[in-house]
Structure formats: C-alpha cells, structure tokens
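Asker: Following this message is one structure expressed as structure tokens.
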Amino acid sequence: MKLRLSLVVIAALALAASDLGAAQSKAAGLSSKILALESKWNEAYKHGDVATMESLLADDFVITVEDGSTFSKSGYIAHNADSALHVEISEMAEVKVRMHGTVAVVTSAYHEKGTSKGKPYESRDRATDVWMRNANGGWQVIVAHYSIPARQ
C-alpha cells in the first residue's frame, strides 16, 4: 500500500513538473514572439514604414510621449510619416517581457536620435509597451508610454 501511494505521489509530481516545464516553454516562446514584434515595430518606426505600423498597432492604440502628449494610432502614424522627421537611431536595451495570458507587458530603456524639422534631437527614455492577442490570434500593441528618467 505504501509503495503504491509513493508511486502515485511520484507520478503526480512528475506530471506537475512536466506541466510546469511546458508552461515555461510556451511563455518563453511567446516572449520571443513579442520581442520580434517589438523589433519589427522599431524598424518600421525608424524607416517610416506606415503599412507595418498599421498592422502592429491596434485601432484604439494610444501612446504617451515624453512631454505627456498623447496620440492615437492615426496621430502617431501621421507624426511618423512626416517627411520632416528623420530617425537615425531607435534602439531598445534592458528589455523585459512579462506574459499575462493574452497580454504582454514590455519594459525597456529606449534611445532615439534624429532630426525633426531640421533640428537635431536625442532622447533616452524608459518605455512600457502593452501587447494584446487579438481575436485572430495575432498580437497588436494597445498602449505605449515613454518617459524621461529623473536622472539625465
């Protein structure tokens, strides 16, 4: 009887460990997918690729930028499509992805440099992007927030 009970407990623990490993593997795979989408968005922003941004941003997307201004999807894309904006550097570091079911929260350090209306600019921000899986199984960013760290 003790042997049978021990075998049942060992089998249950093995099954639980297997499920945990599968869940961690799935989360790692989704995190990799989100990181790839972040890179795709970064490149689209850098090159003014409106079509790619259209596909990555949810229809009700909102972004808050460094000065506290907010833009909708159309406002953000119009800003990015402006021929007076030339982004030279758009890079992320210290990127962390946290998965919460059908939502992914990405935090990072963000560096951007370029010219706007002929004037050079450079910013080093902290960024938070929130991605959500849509009804079709794809991922879109629903909100983004960029702020300047207190020490700069």
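If you're wondering about the labels, chains in the structure tokens are A, B, ... by order shown, residues count from 1 in each chain, ligands from 1 in order shown.
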Give me, as a ChimeraX atom specification, all polymer residues having an atom no more than 6 Å from stretch 82-89 of chain A, counting only C-alpha atoms and skipping those fewer than 3 positions away in the same chain.
Answerer: /A:46,79,112-117
Asker: Mind dumping the selected residues with N, CA and C atoms as an mmCIF file, in the first residue's frame?
Answerer:
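Contents of the output file selection_28.cif:
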data_model
loop_
_atom_site.group_PDB
_atom_site.id
_atom_site.type_symbol
_atom_site.label_atom_id
_atom_site.label_comp_id
_atom_site.auth_asym_id
_atom_site.auth_seq_id
_atom_site.Cartn_x
_atom_site.Cartn_y
_atom_site.Cartn_z
ATOM 1 N N LYS A 46 11.621 53.532 -37.412
ATOM 2 C CA LYS A 46 12.878 54.122 -37.886
ATOM 3 C C LYS A 46 12.821 54.455 -39.376
ATOM 4 N N HIS A 79 2.476 61.494 -37.487
ATOM 5 C CA HIS A 79 3.724 62.088 -36.985
ATOM 6 C C HIS A 79 4.924 61.365 -37.591
ATOM 7 N N GLU A 112 16.633 57.176 -28.744
ATOM 8 C CA GLU A 112 16.282 57.649 -30.085
ATOM 9 C C GLU A 112 17.077 58.916 -30.397
ATOM 10 N N LYS A 113 17.511 58.996 -31.645
ATOM 11 C CA LYS A 113 18.275 60.159 -32.091
ATOM 12 C C LYS A 113 17.911 60.414 -33.545
ATOM 13 N N GLY A 114 17.812 61.692 -33.902
ATOM 14 C CA GLY A 114 17.497 62.037 -35.280
ATOM 15 C C GLY A 114 17.363 63.537 -35.440
ATOM 16 N N THR A 115 16.622 63.934 -36.475
ATOM 17 C CA THR A 115 16.318 65.347 -36.697
ATOM 18 C C THR A 115 14.818 65.482 -36.930
ATOM 19 N N SER A 116 14.286 66.590 -36.448
ATOM 20 C CA SER A 116 12.874 66.910 -36.654
ATOM 21 C C SER A 116 12.797 68.367 -37.084
ATOM 22 N N LYS A 117 12.252 68.582 -38.267
ATOM 23 C CA LYS A 117 12.167 69.933 -38.836
ATOM 24 C C LYS A 117 13.544 70.587 -38.903
#
Asker: Tell me which protein, DNA and RNA residues are within 9 Å of A:Glu91, counting only C-alpha atoms, leaving out same-chain ones fewer than 4 positions away, and put them as a PyMOL selection string.
Answerer: chain A and resi 39+42+109-112
Asker: With a distance cut-off of 10 Å and only C-alpha atoms, select the neighbouring residues of A:Val143, excluding the residue or stretch itself and same-chain residues fewer than 6 positions from it, and output the selection as an NGL selection string.
Answerer: :A and (57-58 or 60-64 or 72-73 or 105 or 128-132)
Asker: Would you work out the distance separating atom CA of A:Ala104 from atom CA of A:Ser31, expressed in Å to one decimal?
Answerer: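 Computed distance, atom CA of A:Ala104 to atom CA of A:Ser31, equals 8.0 Å.
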Asker: Could you jot down the atom CA of A:Leu35 to atom CA of A:Ala127 separation for me, Å, one decimal place?
Answerer: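 Distance reported for this atom pair: 13.8 Å.
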Asker: Which distance in Å separates atom CA of A:Leu30 and atom CA of A:Ile148, to one decimal?
Answerer: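 Between atom CA of A:Leu30 and atom CA of A:Ile148 the gap works out to 28.5 Å.
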Asker: Find the spatial neighbours of A:Glu54, counting only C-alpha atoms, within a cut-off of 9 Å - ignore same-chain residues fewer than 4 positions away - and output them as a VMD selection string.
Answerer: chain A and resid 49 to 50 58 to 59 73 to 74 77
Asker: Based on DSSP run over this structure's backbone, return all residues of chain A in alpha helix (DSSP H), as a ChimeraX atom specification.
Answerer: /A:2-47,50-56,73-81
Asker: Rank nothing, just name the residue among A:Arg133, A:His100, A:Leu56, A:Arg126 nearest to A:Ala150, using only C-alpha atoms.
Answerer: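 Answer, going by the shortest atom-to-atom distance: A:Arg126.
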Asker: Choose the residue, out of A:Trp41, A:Gly101, A:Pro149, A:Ala144, that has the smallest atom-to-atom separation from A:Ser123; count only C-alpha atoms.
Answerer: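 Nearest candidate to A:Ser123 out of A:Trp41, A:Gly101, A:Pro149, A:Ala144: A:Pro149.
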Asker: I'd like to know which residues of chain A are strand (DSSP E or B) (by DSSP, run on the backbone); could you write them as JSON, numbers by chain?
Answerer: {"A": [57, 58, 59, 60, 61, 62, 63, 64, 70, 71, 72, 85, 86, 87, 88, 89, 90, 91, 92, 93, 94, 95, 96, 97, 98, 99, 100, 103, 104, 105, 106, 107, 108, 109, 110, 111, 112, 113, 114, 115, 116, 119, 120, 121, 122, 123, 124, 125, 126, 127, 128, 129, 130, 131, 132, 133, 139, 140, 141, 142, 143, 144, 145, 146, 147]}
Asker: Taking only C-alpha atoms into account, which of A:Arg151, A:Glu94, A:Arg124, A:Ser108 comes nearest A:Glu66?
Answerer: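 With only C-alpha atoms as the atom set, the closest residue is A:Arg124.
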